[in-house]
Every structure is written in structure tokens, then in C-alpha cells.
>>> print(open('data.txt').read())   # compact mmCIF, N, CA and C atoms
# COMPACT_ATOMS: atom_id res chain seq x y z
N MET S 1 21.67 -8.73 16.09
CA MET S 1 22.50 -7.69 15.54
C MET S 1 21.67 -6.85 14.56
N ALA S 2 21.66 -5.57 14.73
CA ALA S 2 20.91 -4.68 13.85
C ALA S 2 21.67 -4.48 12.54
N ARG S 3 20.94 -4.55 11.44
CA ARG S 3 21.53 -4.29 10.13
C ARG S 3 21.25 -2.84 9.80
N ARG S 4 22.27 -2.07 9.63
CA ARG S 4 22.17 -0.62 9.52
C ARG S 4 21.18 -0.15 8.45
N TYR S 5 21.20 -0.73 7.27
CA TYR S 5 20.38 -0.22 6.18
C TYR S 5 19.15 -1.08 5.88
N ALA S 6 18.86 -2.06 6.69
CA ALA S 6 17.78 -3.00 6.41
C ALA S 6 16.59 -2.78 7.34
N LEU S 7 15.45 -3.34 6.93
CA LEU S 7 14.27 -3.29 7.78
C LEU S 7 14.48 -4.18 9.00
N ARG S 8 13.92 -3.76 10.11
CA ARG S 8 13.88 -4.62 11.29
C ARG S 8 12.81 -5.69 11.05
N ASP S 9 12.87 -6.76 11.83
CA ASP S 9 11.90 -7.84 11.68
C ASP S 9 10.46 -7.37 11.89
N ASP S 10 10.24 -6.49 12.87
CA ASP S 10 8.87 -6.02 13.12
C ASP S 10 8.37 -5.16 11.96
N GLN S 11 9.25 -4.39 11.32
CA GLN S 11 8.84 -3.60 10.16
C GLN S 11 8.50 -4.52 8.99
N TRP S 12 9.32 -5.54 8.79
CA TRP S 12 9.08 -6.48 7.72
C TRP S 12 7.73 -7.18 7.91
N GLN S 13 7.42 -7.58 9.12
CA GLN S 13 6.15 -8.26 9.39
C GLN S 13 4.96 -7.38 9.03
N ARG S 14 5.10 -6.07 9.20
CA ARG S 14 3.98 -5.16 8.91
C ARG S 14 3.73 -4.98 7.42
N ILE S 15 4.76 -5.16 6.59
CA ILE S 15 4.57 -4.88 5.16
C ILE S 15 4.60 -6.12 4.25
N LYS S 16 5.09 -7.24 4.71
CA LYS S 16 5.35 -8.38 3.82
C LYS S 16 4.12 -8.86 3.06
N ASP S 17 2.94 -8.80 3.67
CA ASP S 17 1.74 -9.32 3.02
C ASP S 17 1.15 -8.35 1.99
N MET S 18 1.63 -7.13 1.94
CA MET S 18 1.10 -6.17 0.97
C MET S 18 1.97 -6.05 -0.28
N LEU S 19 3.06 -6.79 -0.34
CA LEU S 19 4.00 -6.67 -1.45
C LEU S 19 3.62 -7.59 -2.61
N PRO S 20 3.81 -7.11 -3.85
CA PRO S 20 3.55 -7.96 -5.01
C PRO S 20 4.54 -9.12 -5.08
N GLY S 21 4.12 -10.20 -5.73
CA GLY S 21 5.02 -11.32 -5.97
C GLY S 21 5.01 -12.40 -4.92
N LYS S 22 4.09 -12.31 -3.95
CA LYS S 22 4.04 -13.37 -2.94
C LYS S 22 3.29 -14.58 -3.51
N PRO S 23 3.49 -15.76 -2.96
CA PRO S 23 2.78 -16.94 -3.47
C PRO S 23 1.27 -16.71 -3.45
N GLY S 24 0.62 -17.08 -4.54
CA GLY S 24 -0.83 -16.89 -4.66
C GLY S 24 -1.20 -15.66 -5.46
N ASP S 25 -0.27 -14.71 -5.63
CA ASP S 25 -0.53 -13.53 -6.45
C ASP S 25 -0.49 -13.92 -7.93
N VAL S 26 -1.22 -13.17 -8.74
CA VAL S 26 -1.17 -13.37 -10.18
C VAL S 26 0.21 -12.96 -10.68
N GLY S 27 0.77 -13.73 -11.59
CA GLY S 27 2.08 -13.41 -12.13
C GLY S 27 3.17 -14.24 -11.48
N VAL S 28 4.38 -13.80 -11.67
CA VAL S 28 5.55 -14.53 -11.18
C VAL S 28 5.72 -14.32 -9.68
N THR S 29 6.05 -15.39 -8.97
CA THR S 29 6.35 -15.29 -7.54
C THR S 29 7.77 -14.76 -7.38
N ALA S 30 7.92 -13.73 -6.56
CA ALA S 30 9.23 -13.11 -6.34
C ALA S 30 10.15 -14.07 -5.62
N LYS S 31 11.44 -14.00 -5.94
CA LYS S 31 12.41 -14.86 -5.28
C LYS S 31 12.58 -14.47 -3.82
N ASN S 32 12.77 -13.19 -3.55
CA ASN S 32 13.02 -12.76 -2.18
C ASN S 32 12.66 -11.28 -2.04
N ASN S 33 11.42 -11.01 -1.68
CA ASN S 33 10.97 -9.62 -1.53
C ASN S 33 11.77 -8.88 -0.47
N ARG S 34 12.11 -9.56 0.60
CA ARG S 34 12.83 -8.86 1.68
C ARG S 34 14.21 -8.40 1.22
N LEU S 35 14.92 -9.26 0.51
CA LEU S 35 16.23 -8.88 0.01
C LEU S 35 16.11 -7.69 -0.94
N PHE S 36 15.07 -7.70 -1.76
CA PHE S 36 14.86 -6.60 -2.70
C PHE S 36 14.57 -5.29 -1.95
N VAL S 37 13.68 -5.33 -0.97
CA VAL S 37 13.38 -4.11 -0.20
C VAL S 37 14.63 -3.63 0.52
N ASP S 38 15.39 -4.55 1.08
CA ASP S 38 16.64 -4.17 1.74
C ASP S 38 17.63 -3.54 0.75
N ALA S 39 17.66 -4.02 -0.50
CA ALA S 39 18.54 -3.45 -1.52
C ALA S 39 18.16 -2.00 -1.79
N VAL S 40 16.86 -1.74 -1.90
CA VAL S 40 16.40 -0.37 -2.17
C VAL S 40 16.72 0.53 -0.98
N LEU S 41 16.47 0.05 0.23
CA LEU S 41 16.79 0.84 1.42
C LEU S 41 18.28 1.12 1.50
N TYR S 42 19.09 0.11 1.20
CA TYR S 42 20.54 0.30 1.22
C TYR S 42 20.93 1.40 0.24
N ARG S 43 20.37 1.33 -0.96
CA ARG S 43 20.72 2.30 -2.00
C ARG S 43 20.42 3.73 -1.54
N TYR S 44 19.24 3.94 -0.97
CA TYR S 44 18.87 5.30 -0.57
C TYR S 44 19.52 5.74 0.73
N ARG S 45 19.67 4.86 1.69
CA ARG S 45 20.28 5.26 2.96
C ARG S 45 21.78 5.46 2.84
N ALA S 46 22.43 4.67 1.99
CA ALA S 46 23.88 4.83 1.80
C ALA S 46 24.18 5.92 0.78
N GLY S 47 23.20 6.28 -0.03
CA GLY S 47 23.39 7.33 -1.01
C GLY S 47 24.24 6.92 -2.19
N VAL S 48 24.19 5.63 -2.55
CA VAL S 48 24.99 5.15 -3.67
C VAL S 48 24.15 5.08 -4.94
N PRO S 49 24.79 5.18 -6.11
CA PRO S 49 24.06 4.96 -7.36
C PRO S 49 23.64 3.49 -7.47
N TRP S 50 22.66 3.22 -8.31
CA TRP S 50 22.19 1.84 -8.48
C TRP S 50 23.34 0.90 -8.82
N ARG S 51 24.23 1.33 -9.69
CA ARG S 51 25.31 0.45 -10.15
C ARG S 51 26.29 0.07 -9.04
N ASP S 52 26.25 0.80 -7.90
CA ASP S 52 27.16 0.51 -6.80
C ASP S 52 26.53 -0.33 -5.69
N LEU S 53 25.35 -0.90 -5.96
CA LEU S 53 24.77 -1.81 -4.97
C LEU S 53 25.69 -3.01 -4.78
N PRO S 54 25.87 -3.45 -3.55
CA PRO S 54 26.70 -4.65 -3.33
C PRO S 54 26.14 -5.87 -4.07
N GLU S 55 27.01 -6.76 -4.48
CA GLU S 55 26.63 -7.94 -5.26
C GLU S 55 25.62 -8.83 -4.55
N ARG S 56 25.59 -8.79 -3.23
CA ARG S 56 24.66 -9.66 -2.49
C ARG S 56 23.20 -9.38 -2.84
N PHE S 57 22.92 -8.18 -3.40
CA PHE S 57 21.56 -7.82 -3.77
C PHE S 57 21.21 -8.25 -5.19
N GLY S 58 22.17 -8.78 -5.92
CA GLY S 58 21.92 -9.21 -7.29
C GLY S 58 22.27 -8.12 -8.29
N ASP S 59 21.87 -8.35 -9.53
CA ASP S 59 22.16 -7.42 -10.62
C ASP S 59 21.43 -6.10 -10.38
N PHE S 60 22.18 -5.02 -10.34
CA PHE S 60 21.58 -3.71 -10.03
C PHE S 60 20.54 -3.31 -11.06
N ARG S 61 20.70 -3.76 -12.31
CA ARG S 61 19.71 -3.42 -13.35
C ARG S 61 18.37 -4.06 -13.07
N VAL S 62 18.38 -5.28 -12.58
CA VAL S 62 17.14 -5.99 -12.23
C VAL S 62 16.49 -5.32 -11.03
N VAL S 63 17.29 -4.96 -10.04
CA VAL S 63 16.76 -4.28 -8.85
C VAL S 63 16.14 -2.94 -9.25
N HIS S 64 16.81 -2.18 -10.09
CA HIS S 64 16.28 -0.89 -10.52
C HIS S 64 14.99 -1.04 -11.32
N THR S 65 14.94 -2.01 -12.21
CA THR S 65 13.73 -2.23 -13.01
C THR S 65 12.55 -2.58 -12.11
N ARG S 66 12.78 -3.45 -11.15
CA ARG S 66 11.71 -3.84 -10.22
C ARG S 66 11.29 -2.65 -9.35
N PHE S 67 12.27 -1.87 -8.90
CA PHE S 67 11.97 -0.67 -8.13
C PHE S 67 11.05 0.26 -8.92
N SER S 68 11.37 0.47 -10.19
CA SER S 68 10.57 1.36 -11.04
C SER S 68 9.15 0.84 -11.22
N ARG S 69 9.01 -0.45 -11.41
CA ARG S 69 7.66 -1.04 -11.55
C ARG S 69 6.84 -0.83 -10.28
N TRP S 70 7.44 -1.06 -9.13
CA TRP S 70 6.73 -0.87 -7.87
C TRP S 70 6.36 0.60 -7.69
N ALA S 71 7.25 1.50 -8.10
CA ALA S 71 6.96 2.93 -7.98
C ALA S 71 5.75 3.31 -8.83
N LYS S 72 5.69 2.81 -10.06
CA LYS S 72 4.55 3.12 -10.94
C LYS S 72 3.24 2.57 -10.41
N LYS S 73 3.30 1.43 -9.71
CA LYS S 73 2.10 0.82 -9.14
C LYS S 73 1.70 1.43 -7.80
N GLY S 74 2.54 2.28 -7.23
CA GLY S 74 2.24 2.89 -5.94
C GLY S 74 2.60 2.04 -4.74
N VAL S 75 3.36 0.99 -4.96
CA VAL S 75 3.73 0.08 -3.86
C VAL S 75 4.57 0.80 -2.82
N TRP S 76 5.55 1.62 -3.27
CA TRP S 76 6.42 2.32 -2.32
C TRP S 76 5.63 3.30 -1.48
N GLN S 77 4.64 3.95 -2.06
CA GLN S 77 3.79 4.87 -1.30
C GLN S 77 3.04 4.11 -0.21
N GLN S 78 2.51 2.94 -0.54
CA GLN S 78 1.79 2.12 0.44
C GLN S 78 2.72 1.68 1.57
N ILE S 79 3.93 1.28 1.21
CA ILE S 79 4.91 0.85 2.22
C ILE S 79 5.22 2.02 3.14
N PHE S 80 5.49 3.18 2.55
CA PHE S 80 5.80 4.36 3.35
C PHE S 80 4.65 4.68 4.31
N GLU S 81 3.43 4.68 3.82
CA GLU S 81 2.28 4.99 4.68
C GLU S 81 2.12 3.97 5.79
N LYS S 82 2.31 2.70 5.48
CA LYS S 82 2.17 1.64 6.49
C LYS S 82 3.23 1.79 7.59
N LEU S 83 4.46 2.02 7.19
CA LEU S 83 5.54 2.11 8.18
C LEU S 83 5.52 3.44 8.92
N SER S 84 5.04 4.50 8.29
CA SER S 84 5.02 5.79 8.98
C SER S 84 3.85 5.91 9.95
N ASP S 85 2.83 5.06 9.81
CA ASP S 85 1.71 5.05 10.75
C ASP S 85 2.19 4.79 12.18
N GLU S 86 3.18 3.94 12.30
CA GLU S 86 3.68 3.55 13.62
C GLU S 86 5.17 3.87 13.72
N SER S 87 5.54 5.04 13.27
CA SER S 87 6.94 5.44 13.24
C SER S 87 7.51 5.60 14.64
N ASP S 88 8.75 5.13 14.81
CA ASP S 88 9.44 5.32 16.08
C ASP S 88 10.46 6.45 15.98
N ASN S 89 10.50 7.12 14.84
CA ASN S 89 11.40 8.25 14.59
C ASN S 89 12.87 7.88 14.74
N GLU S 90 13.20 6.62 14.51
CA GLU S 90 14.57 6.16 14.65
C GLU S 90 15.52 6.92 13.72
N TYR S 91 15.05 7.27 12.53
CA TYR S 91 15.92 7.92 11.57
C TYR S 91 15.61 9.39 11.39
N GLN S 92 14.78 9.96 12.23
CA GLN S 92 14.45 11.37 12.10
C GLN S 92 15.57 12.20 12.71
N MET S 93 16.02 13.19 11.95
CA MET S 93 17.11 14.03 12.43
C MET S 93 17.08 15.36 11.69
N ILE S 94 17.79 16.31 12.22
CA ILE S 94 17.97 17.58 11.54
C ILE S 94 19.41 17.63 11.09
N ASP S 95 19.60 17.87 9.83
CA ASP S 95 20.93 17.88 9.24
C ASP S 95 21.42 19.33 9.15
N ALA S 96 22.55 19.62 9.72
CA ALA S 96 23.07 20.98 9.75
C ALA S 96 23.40 21.52 8.36
N THR S 97 23.46 20.66 7.37
CA THR S 97 23.75 21.16 6.02
C THR S 97 22.54 21.85 5.42
N ILE S 98 21.35 21.65 5.98
CA ILE S 98 20.17 22.31 5.43
C ILE S 98 19.54 23.31 6.39
N VAL S 99 20.00 23.33 7.63
CA VAL S 99 19.47 24.27 8.62
C VAL S 99 20.59 25.24 8.95
N ARG S 100 20.41 26.50 8.53
CA ARG S 100 21.46 27.48 8.74
C ARG S 100 20.87 28.76 9.31
N ALA S 101 21.65 29.40 10.14
CA ALA S 101 21.27 30.74 10.61
C ALA S 101 21.89 31.76 9.66
N HIS S 102 21.27 32.89 9.57
CA HIS S 102 21.83 33.96 8.76
C HIS S 102 23.19 34.34 9.35
N GLN S 103 24.10 34.80 8.50
CA GLN S 103 25.45 35.12 8.96
C GLN S 103 25.47 36.18 10.05
N HIS S 104 24.46 37.02 10.13
CA HIS S 104 24.41 38.07 11.15
C HIS S 104 23.50 37.71 12.32
N ALA S 105 23.08 36.45 12.40
CA ALA S 105 22.12 36.06 13.43
C ALA S 105 22.75 36.03 14.82
N ALA S 106 24.01 35.72 14.92
CA ALA S 106 24.65 35.62 16.23
C ALA S 106 25.01 37.01 16.76
N GLY S 107 24.88 37.19 18.05
CA GLY S 107 25.32 38.41 18.69
C GLY S 107 24.37 39.58 18.59
N GLY S 108 23.13 39.32 18.22
CA GLY S 108 22.16 40.41 18.14
C GLY S 108 21.87 40.98 19.53
N LYS S 109 21.55 42.28 19.59
CA LYS S 109 21.31 42.94 20.87
C LYS S 109 19.84 43.06 21.20
N GLY S 110 18.98 42.63 20.28
CA GLY S 110 17.56 42.65 20.58
C GLY S 110 16.92 44.02 20.53
N GLY S 111 17.60 44.99 19.94
CA GLY S 111 17.07 46.35 19.86
C GLY S 111 16.04 46.49 18.75
N ALA S 112 15.65 47.71 18.50
CA ALA S 112 14.68 47.98 17.45
C ALA S 112 15.29 47.67 16.09
N MET S 113 14.43 47.27 15.17
CA MET S 113 14.89 46.96 13.82
C MET S 113 15.19 48.24 13.06
N LYS S 114 16.21 48.19 12.24
CA LYS S 114 16.55 49.32 11.40
C LYS S 114 15.63 49.33 10.19
N PRO S 115 15.30 50.50 9.68
CA PRO S 115 14.47 50.56 8.47
C PRO S 115 15.21 49.93 7.30
N SER S 116 14.46 49.28 6.42
CA SER S 116 15.08 48.59 5.29
C SER S 116 15.42 49.52 4.14
N GLY S 117 14.87 50.69 4.11
CA GLY S 117 15.11 51.58 2.98
C GLY S 117 14.04 51.46 1.91
N ALA S 118 13.17 50.46 2.07
CA ALA S 118 12.07 50.27 1.10
C ALA S 118 11.01 51.33 1.36
N PRO S 119 10.32 51.79 0.31
CA PRO S 119 9.27 52.79 0.52
C PRO S 119 8.16 52.24 1.39
N LYS S 120 7.57 53.09 2.20
CA LYS S 120 6.49 52.67 3.09
C LYS S 120 5.23 52.40 2.29
N ALA S 121 4.53 51.38 2.72
CA ALA S 121 3.25 51.04 2.06
C ALA S 121 2.25 52.15 2.37
N GLY S 122 1.49 52.54 1.40
CA GLY S 122 0.61 53.67 1.62
C GLY S 122 -0.76 53.33 1.47
>>> encode(input="data.txt", output="C-alpha cells")
Amino acid sequence: MARRYALRDDQWQRIKDMLPGKPGDVGVTAKNNRLFVDAVLYRYRAGVPWRDLPERFGDFRVVHTRFSRWAKKGVWQQIFEKLSDESDNEYQMIDATIVRAHQHAAGGKGGAMKPSGAPKAG
């Protein structure tokens, strides 16, 4: 069953070894990197504020703090580059709210353009 806002298993396999907090790294070992990445993806794909993350992801303040640390270290940029190298364009789309035709674009006759009234360049 596909989880709408989560990484697929093949995507997770490509990035899991590059994430901070794995066993053997300096510092604290992360409890669950995958759950954390899925929480961030959920937040951005669903378009919810941090405080509206579902409880299954844990305290939203902790998730946000960790997200910010990874952003400062460039971890999210590395993840994006790794996953976009082999993109399947699953989520690529054109949203009609940002792509608009001019109000007079429909019904044009293809004739000569009318002068704009601006002075001619000399």
C-alpha cells in the first residue's frame, strides 16, 4: 500500500546512509530517521503548519528543531539532489493556479498586431 505523503522504500534506501544520527555517527543516534523524514514530507505535501503534524510523528517542536538543524547543515539539499538524480516525476505537475492565459488570449484572429501607442525607438 502506497503512503501518500511518505517516501517509497526505494527512495528511502537511496538516502538512509547519508542522514545524520545513524549508528556509528558522532553524537546522539537518532530514534527513527525515516519517521522524521516522513513527518517533514507530510508537513510540506499536506501544506499544514508544524503545529498540525499528526501525533504519530511526535512533538512538532522537536520535529521542527531537527528540521532546522538539518537545513543549516545542508542535509535537505543533499537529499533533494540524491532523489532528483533519479526522479520518476511522480509528483511533477502544472498547477492551474499559477499558469494563466491573459484575459484576451482566447479567440484571437491571428491578424497583425495593433500599435501600442508607445513612441517608436529612434
>>> atom_distance(input="data.txt", atom1="CA of Leu7 (chain S)", atom2="CA of Val37 (chain S)")
8.1 Å
>>> atom_distance(input="data.txt", atom1="CA of Arg4 (chain S)", atom2="CA of Lys82 (chain S)")
20.4 Å
>>> residues_around(input="data.txt", residues="Arg51 (chain S)", least_positions_apart="2", cutoff="6 Å", atoms="only N, CA and C atoms", output="list in words")
Pro49, Leu53 and Phe60 of chain S
>>> closest_residue(input="data.txt", among="S:Trp50, S:Ile79, S:Tyr44, S:Phe57", to="Gln13 (chain S)", atoms="only C-alpha atoms")
S:Ile79
>>> closest_residue(input="data.txt", among="S:Val62, S:Tyr5, S:Leu19, S:Gly74", to="Arg43 (chain S)", atoms="only N, CA and C atoms")
S:Tyr5
>>> atom_distance(input="data.txt", atom1="CA of Ala30 (chain S)", atom2="CA of Leu83 (chain S)")
21.4 Å
>>> select_by_dssp(input="data.txt", residues="region 1-91 of chain S", states="alpha helix (DSSP H)", output="ChimeraX atom specification")
/S:9-15,33-46,60-73,75-85
